[in-house]
Amino acid sequence: MKIFKFGGASVKDAESIKNVVRVLQHEGFENTLIVISAMGKMTNAFEEIIHSYCNKKDDLPQKIDFVRDYHFNIIENLFTANKPVIILEIEQFFGQLSGFLIKNKNNDYNFIYDQIIGFGELLSTKIVSIYLNEIGIKNSWVDVRDYLKTDDTYRDAYVNWDATLQNISKLNSDNLYITQGFLGSTAQGKTTSLGREGSDYTAAIFAYCLNAVSLTIWKDVDGVLNADPRFFDNAELLQQISYGEAIEMAFYGASVIHPKTLKPLENKNIPLFVRSFYNLNAKGTIVGKGHYLLPDIPCFILKQQQILVSISALDFSFMVEYNLSDIFKILHDYKLKVNLIQNSALSFSVCIEDKFNTFQQFLTEINKKYKVTFSENVSLYTIRHANENAVNKIEEKGEILLKQATKGTVQLVLK
Ligand SMILES: Nc1ncnc2c1ncn2[C@@H]1O[C@H](COP(=O)(O)OP(=O)(O)O)[C@@H](O)[C@H]1O
Ligand SMILES: N[C@@H](CC(=O)OP(=O)(O)O)C(=O)O
């Protein structure tokens with residue numbers, strides 16, 4: 001069996017969905033499981049619904065209407081014969097969403113988030129599945145929550161591999177399946193999510209559990225490039241990279257692949273292809289075992305909207321194991337993602353990402369025990385396979401607040 005993953009960009013409008021059909025016709029769709037994300041930027045739009053709901057804002061109906069109109073507009077432009085069928089299905093999802101918003105008594109933000117966010121993927125997969133059936137590409141729509149089981153860490157759920165493996169093994173590998181990325185469910189059946197952009201990971205989980213021959217992630221770029229083309233001119237295609245290289249790039253923030261995607265694939269030696277959904281004759285990037293970096297050039301990774309925090313003891317004592325473990329505990333308690341650390345005798349610097357909007361609470365807590373200064377909205381650049389030229393190029397981009405070099409990897413925090 002092979003696994004395909006189409007992200008939001010590949011199903012963002014009716015034309016894009018027709019292009020998915022072109023991909024399937026070109027590549028073949030026998031014994032295939034397709035993982036699909038929410039359409040376009042719909043996950044962001046659902047986040048706005050969640051925000052309005054949790055903050056009891058008056059604009060909630062407008063936020064829901066925006067999402068409704070987006071999907072109905074796609075349906076209008078996509079379907080001919082099956083319009084009543086798809087409309088009924090979609091209305092059911094919006095009915096479930098309204099039902100949840102009215103009945104919910106749980107105040108846990110992360111729980112609420114996951115119960116709402118998943119409608120993006122449920123809607124997109126339903127639309128694509130019914131459309132494919134309409135044009136003769138027979139497929140089965142699978143509710144991923146019946147297969148992918150997790151714990152109850154809402155918004156960042158851990159996969160229960162035993163249960164998931166057992167469930168997914170039951171799928172008949174002769175079929176074409178369409179399922180949702182990024183979602184799972186607890187043993188009690190509550191919807192969970194695997195973290196933003198987690199659909200790649202879902203695809204890797206299916207690949208692992210089905211012993212797939214390959215996973216192909218279809219993108220709006222030619223493959224994995226040596227830099228994000230939105231921020232770097234002349235980004236070049238990497239024809240092949242090892243799992244280890246891809247893990248490092250994803251870990252440092254190359255948003256082309258979700259960091260958790262690689263390990264399940266590596267464990268079963270399943271090749272990952274990252275290919276352009278526009279340019280079907282191009283090979284893209286192959287990620288696999290022992291694939292050295294080709295071409296061997298510096299790779300640039302940019303993480304924006306970072307916060308550089310510098311922490312020192314109130315009594316000018318040294319920053320040693322005791323303080324550091326205390327600081328890490330507080331960082332962990334507030335779920336702040338640490339992207340870089342640097343320590344000196346008297347101060348400890350950390351570059352963090354405020355994924356869950358907890359930085360202010362963290363500051364209140366840490367200020368009780370330490371002297372803290374910080375700089376918001378800084379950028380973290382990582383250069384892998386760095387050379388002098390590459391480092392100079394980045395250093396020109398702003399004021400250097402911090403620089404760190406290990407063998408072949410240079411990181412810079414710039415303002
Ligand atoms: N190293 C990289 N190589 C290729 N694309 C990258 C890289 N780093 C970041 N990107 C960005 O990732 C984007 C594709 O990811 P994304 O927009 O999340 O797609 P999807 O919605 O299909 O998952 C590209 O358009 C590109 O701007
Ligand atoms: N829709 C989810 C999951 C995902 O992976 O999306 P995409 O494949 O478009 O990055 C998100 O936006 O976070």
# chains A, B, ... in the order shown; residues from 1 in each chain; ligands from 1
>>> select_by_dssp(residues="range 80-298 of chain A", states="strand (DSSP E)", output="number ranges by chain")
A: 140-142, 176-180, 183-185, 191-193, 214-219, 240-242, 272-276, 285-288
>>> residues_around(residues="range 326-339 of chain A", least_positions_apart="4", cutoff="8 Å", atoms="only C-alpha atoms", output="list in words")
Tyr252, Tyr322, Val350, Cys351, Ile352, Glu353, Asp354, Lys355, Phe356, Thr358, Phe359, Gln361, Phe362, Glu365 and Ile366 of chain A
>>> residues_near_ligand(ligand="ligand 1", cutoff="7 Å", atoms="only C-alpha atoms and all ligand atoms", output="ChimeraX atom specification")
/A:6-10,40,197,218-221,223-230,254-256,301
>>> residues_around(residues="Leu183 in chain A", least_positions_apart="2", cutoff="6 Å", atoms="only C-alpha atoms", output="list of chain:residue names")
A:Gly181, A:Thr192, A:Ser193
>>> write_last_selection(atoms="N, CA and C atoms", output="PDB file, in the first residue's frame")
ATOM      1  N   GLY A 181      -6.073  14.134   8.396  1.00  0.00           N
ATOM      2  CA  GLY A 181      -4.806  14.311   9.090  1.00  0.00           C
ATOM      3  C   GLY A 181      -5.012  14.945  10.449  1.00  0.00           C
ATOM      4  N   THR A 192      -8.979  14.367  19.665  1.00  0.00           N
ATOM      5  CA  THR A 192      -7.707  14.989  20.057  1.00  0.00           C
ATOM      6  C   THR A 192      -7.002  15.459  18.788  1.00  0.00           C
ATOM      7  N   SER A 193      -5.978  16.299  18.959  1.00  0.00           N
ATOM      8  CA  SER A 193      -5.166  16.655  17.788  1.00  0.00           C
ATOM      9  C   SER A 193      -3.694  16.499  18.124  1.00  0.00           C
TER      10      SER A 193
END
>>> residues_around(residues="Glu30 in chain A", least_positions_apart="5", cutoff="10 Å", atoms="only C-alpha atoms", output="compact mmCIF listing (two decimals) with C-alpha atoms, in the first residue's frame")
# COMPACT_ATOMS: atom_id res chain seq x y z
CA MET A 1 0.00 0.00 0.00
CA LYS A 2 1.15 3.55 -0.56
CA LEU A 24 -4.19 10.60 -8.66
CA ASN A 139 -13.08 5.36 -2.33
CA SER A 173 -5.15 -2.82 1.76
CA ASP A 174 -6.99 -3.29 -1.58
CA ASN A 175 -9.08 -0.16 -1.15
CA LEU A 176 -8.65 3.54 -1.77
CA TYR A 177 -9.18 5.31 1.53
>>> residues_near_ligand(ligand="ligand 2", cutoff="8 Å", atoms="only C-alpha atoms and all ligand atoms", output="JSON, numbers by chain")
{"A": [5, 6, 7, 8, 9, 36, 37, 38, 39, 40, 41, 42, 43, 44, 120, 121, 181, 182, 195, 196, 197, 198, 199, 200, 201, 258]}
>>> closest_residue(among="A:Ser379, A:Met249, A:Gln360, A:Gln306", to="Thr409 in chain A", atoms="only C-alpha atoms")
A:Met249
>>> decode(residues="range 228-320 of chain A", atoms="C-alpha atoms", output="compact mmCIF listing (two decimals), in the first residue's frame")
# COMPACT_ATOMS: atom_id res chain seq x y z
CA ASP A 228 12.05 28.42 2.65
CA PRO A 229 11.49 30.20 -0.69
CA ARG A 230 9.16 32.70 0.99
CA PHE A 231 12.11 34.17 2.87
CA PHE A 232 15.21 33.25 0.89
CA ASP A 233 15.95 34.02 -2.75
CA ASN A 234 17.36 31.28 -4.97
CA ALA A 235 16.35 28.37 -2.75
CA GLU A 236 17.57 25.12 -4.33
CA LEU A 237 15.95 21.69 -4.46
CA LEU A 238 17.54 18.99 -2.34
CA GLN A 239 17.28 15.87 -4.48
CA GLN A 240 17.94 13.52 -1.63
CA ILE A 241 18.47 13.69 2.11
CA SER A 242 18.78 11.15 4.89
CA TYR A 243 16.10 10.66 7.55
CA GLY A 244 18.55 12.14 10.05
CA GLU A 245 19.05 15.27 7.97
CA ALA A 246 15.31 15.70 7.49
CA ILE A 247 14.72 15.23 11.23
CA GLU A 248 17.30 17.90 12.00
CA MET A 249 15.85 20.33 9.45
CA ALA A 250 12.30 19.79 10.67
CA PHE A 251 13.41 20.03 14.29
CA TYR A 252 15.09 23.38 13.67
CA GLY A 253 11.88 24.61 12.06
CA ALA A 254 11.83 23.84 8.33
CA SER A 255 8.03 23.86 8.08
CA VAL A 256 7.95 21.71 4.96
CA ILE A 257 7.74 18.48 7.04
CA HIS A 258 6.40 18.03 10.55
CA PRO A 259 9.28 16.91 12.80
CA LYS A 260 7.51 13.82 14.13
CA THR A 261 6.98 12.42 10.63
CA LEU A 262 10.41 10.95 10.06
CA LYS A 263 10.94 8.54 12.95
CA PRO A 264 8.12 6.08 12.17
CA LEU A 265 9.29 6.01 8.55
CA GLU A 266 12.93 5.51 9.48
CA ASN A 267 12.04 2.67 11.84
CA LYS A 268 10.57 0.70 8.95
CA ASN A 269 12.80 2.12 6.25
CA ILE A 270 9.82 3.52 4.34
CA PRO A 271 10.92 6.12 1.76
CA LEU A 272 9.39 9.58 1.93
CA PHE A 273 8.90 11.51 -1.29
CA VAL A 274 8.21 15.22 -1.13
CA ARG A 275 6.85 16.29 -4.50
CA SER A 276 5.18 19.16 -6.26
CA PHE A 277 1.49 18.76 -6.96
CA TYR A 278 1.95 21.09 -9.95
CA ASN A 279 4.98 19.54 -11.57
CA LEU A 280 4.18 15.84 -11.75
CA ASN A 281 7.09 14.91 -13.97
CA ALA A 282 9.62 16.18 -11.44
CA LYS A 283 11.02 13.69 -8.95
CA GLY A 284 11.10 16.05 -5.96
CA THR A 285 13.05 15.02 -2.89
CA ILE A 286 13.58 11.50 -1.66
CA VAL A 287 14.18 11.08 2.04
CA GLY A 288 15.58 7.70 2.92
CA LYS A 289 18.19 5.55 4.58
CA GLY A 290 21.78 6.45 3.85
CA HIS A 291 20.83 9.16 1.37
CA TYR A 292 23.58 11.70 1.76
CA LEU A 293 22.70 15.34 1.19
CA LEU A 294 22.55 16.02 -2.54
CA PRO A 295 23.56 18.64 -3.51
CA ASP A 296 25.80 19.20 -0.50
CA ILE A 297 25.00 22.86 0.17
CA PRO A 298 24.22 24.94 3.26
CA CYS A 299 20.59 24.74 4.42
CA PHE A 300 18.88 27.72 6.02
CA ILE A 301 16.01 27.54 8.47
CA LEU A 302 14.17 30.56 9.81
CA LYS A 303 11.94 30.68 12.86
CA GLN A 304 10.18 33.98 13.35
CA GLN A 305 8.41 35.48 16.36
CA GLN A 306 10.80 34.08 18.91
CA ILE A 307 11.46 35.54 22.34
CA LEU A 308 15.00 35.75 23.61
CA VAL A 309 15.02 35.63 27.40
CA SER A 310 18.04 36.22 29.58
CA ILE A 311 17.81 34.99 33.15
CA SER A 312 20.20 35.60 36.04
CA ALA A 313 20.07 35.01 39.77
CA LEU A 314 18.84 37.85 42.03
CA ASP A 315 21.83 37.42 44.34
CA PHE A 316 24.38 37.29 41.48
CA SER A 317 25.13 33.66 42.22
CA PHE A 318 26.22 31.41 39.37
CA MET A 319 23.74 29.83 37.00
CA VAL A 320 24.42 26.18 37.66
